[in-house]
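Enquirer: Submitted below is the structure of interest, expressed as structure tokens.
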Amino acid sequence: EVEHAIYTMVFNDCAKLGSDRAITIGNTLFHELPDSCKNNTAILTSAMDMFMKFGDIENAERVFYLIQDKDTISYGALMIV
């Protein structure tokens with residue numbers, strides 16, 4: 001679905017930029033994430049990776065526990081700093 005791909009791309013871009021503005025955008029986007037996206041493993045893994053790259057381990061762990069169908073990518077994203 002296009003909406004899911006857009007969220008994943010924005011989280012990835014925010015993680016790459018890492019600027020104050022990117023952190024603000026990433027946090028806001030995650031906290032306003034529609035319910036239709038909250039069960040999507042790819043979106044949540046991208047958000048978790050973003051939080052890890054921001055150094056926000058607490059939020060990254062929270063997202064990790066939201067992921068219902070964890071895969072090796074999900075576990076790997078939690079380990080990468």
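Note on naming: chains are A, B, ... as they come in the structure tokens, residues start from 1 per chain, ligands start from 1 in the order shown.
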Tell me which protein, DNA and RNA residues are within 12 Å of Tyr65 of chain A, counting only C-alpha atoms, leaving out same-chain ones fewer than 4 positions away, and put them as an mmCIF file with C-alpha atoms, in the first residue's frame.
Expert:
```cif
data_model
loop_
_atom_site.group_PDB
_atom_site.id
_atom_site.type_symbol
_atom_site.label_atom_id
_atom_site.label_comp_id
_atom_site.auth_asym_id
_atom_site.auth_seq_id
_atom_site.Cartn_x
_atom_site.Cartn_y
_atom_site.Cartn_z
ATOM 1 C CA LYS A 38 0.175 0.450 13.730
ATOM 2 C CA ASN A 39 0.239 -3.265 12.904
ATOM 3 C CA THR A 41 5.901 -4.637 10.677
ATOM 4 C CA LEU A 44 7.200 -0.137 12.943
ATOM 5 C CA THR A 45 10.665 -1.513 12.171
ATOM 6 C CA MET A 48 12.277 1.654 15.654
ATOM 7 C CA GLU A 58 13.375 3.882 25.302
ATOM 8 C CA ASN A 59 11.014 4.671 22.405
ATOM 9 C CA ALA A 60 12.763 2.117 20.195
ATOM 10 C CA GLU A 61 12.033 -0.581 22.783
ATOM 11 C CA ASP A 69 5.297 -10.434 13.803
ATOM 12 C CA LYS A 70 8.944 -9.818 14.670
ATOM 13 C CA SER A 74 13.146 -6.184 13.560
ATOM 14 C CA TYR A 75 15.627 -7.778 15.950
ATOM 15 C CA LEU A 78 17.010 -2.933 17.778
#
```
Enquirer: List as a ChimeraX atom specification the protein and nucleic acid residues near segment 17-22 of chain A, meaning an atom at most 10 Å away when only C-alpha atoms are counted, but skip any in the same chain fewer than 5 places from it.
Expert: /A:10-12,27-28,50-51,53-55
Enquirer: Could you write out the selected residues, including C-alpha atoms, as an mmCIF file, in the first residue's frame?
Expert:
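Saved the output as part.cif:
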```cif
data_model
loop_
_atom_site.group_PDB
_atom_site.id
_atom_site.type_symbol
_atom_site.label_atom_id
_atom_site.label_comp_id
_atom_site.auth_asym_id
_atom_site.auth_seq_id
_atom_site.Cartn_x
_atom_site.Cartn_y
_atom_site.Cartn_z
ATOM 1 C CA VAL A 10 9.911 9.218 5.835
ATOM 2 C CA PHE A 11 11.078 7.334 8.941
ATOM 3 C CA ASN A 12 14.154 6.131 7.025
ATOM 4 C CA ASN A 27 8.588 11.893 16.552
ATOM 5 C CA THR A 28 5.481 13.793 15.449
ATOM 6 C CA MET A 50 14.813 5.807 13.440
ATOM 7 C CA PHE A 51 14.532 6.005 17.230
ATOM 8 C CA LYS A 53 19.596 6.264 15.313
ATOM 9 C CA PHE A 54 18.276 9.227 17.302
ATOM 10 C CA GLY A 55 19.670 7.571 20.439
#
```
Enquirer: Find the distance between atom CA of Asp49 of chain A and atom CA of Ala5 of chain A and write it in Å to one decimal.
Expert: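 One can read the atom CA of Asp49 of chain A to atom CA of Ala5 of chain A distance as 15.3 Å.
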Enquirer: Could you tell me which of A:Cys37, A:Ala42, A:Ala47, A:Val2 comes closest to Ile23 of chain A if we count only C-alpha atoms?
Expert: A:Ala47
Enquirer: With only C-alpha atoms as the atoms that count, which of A:Ile43, A:Gly76, A:Asp35, A:Gln68 lies nearest to Thr8 of chain A?
Expert: A:Ile43
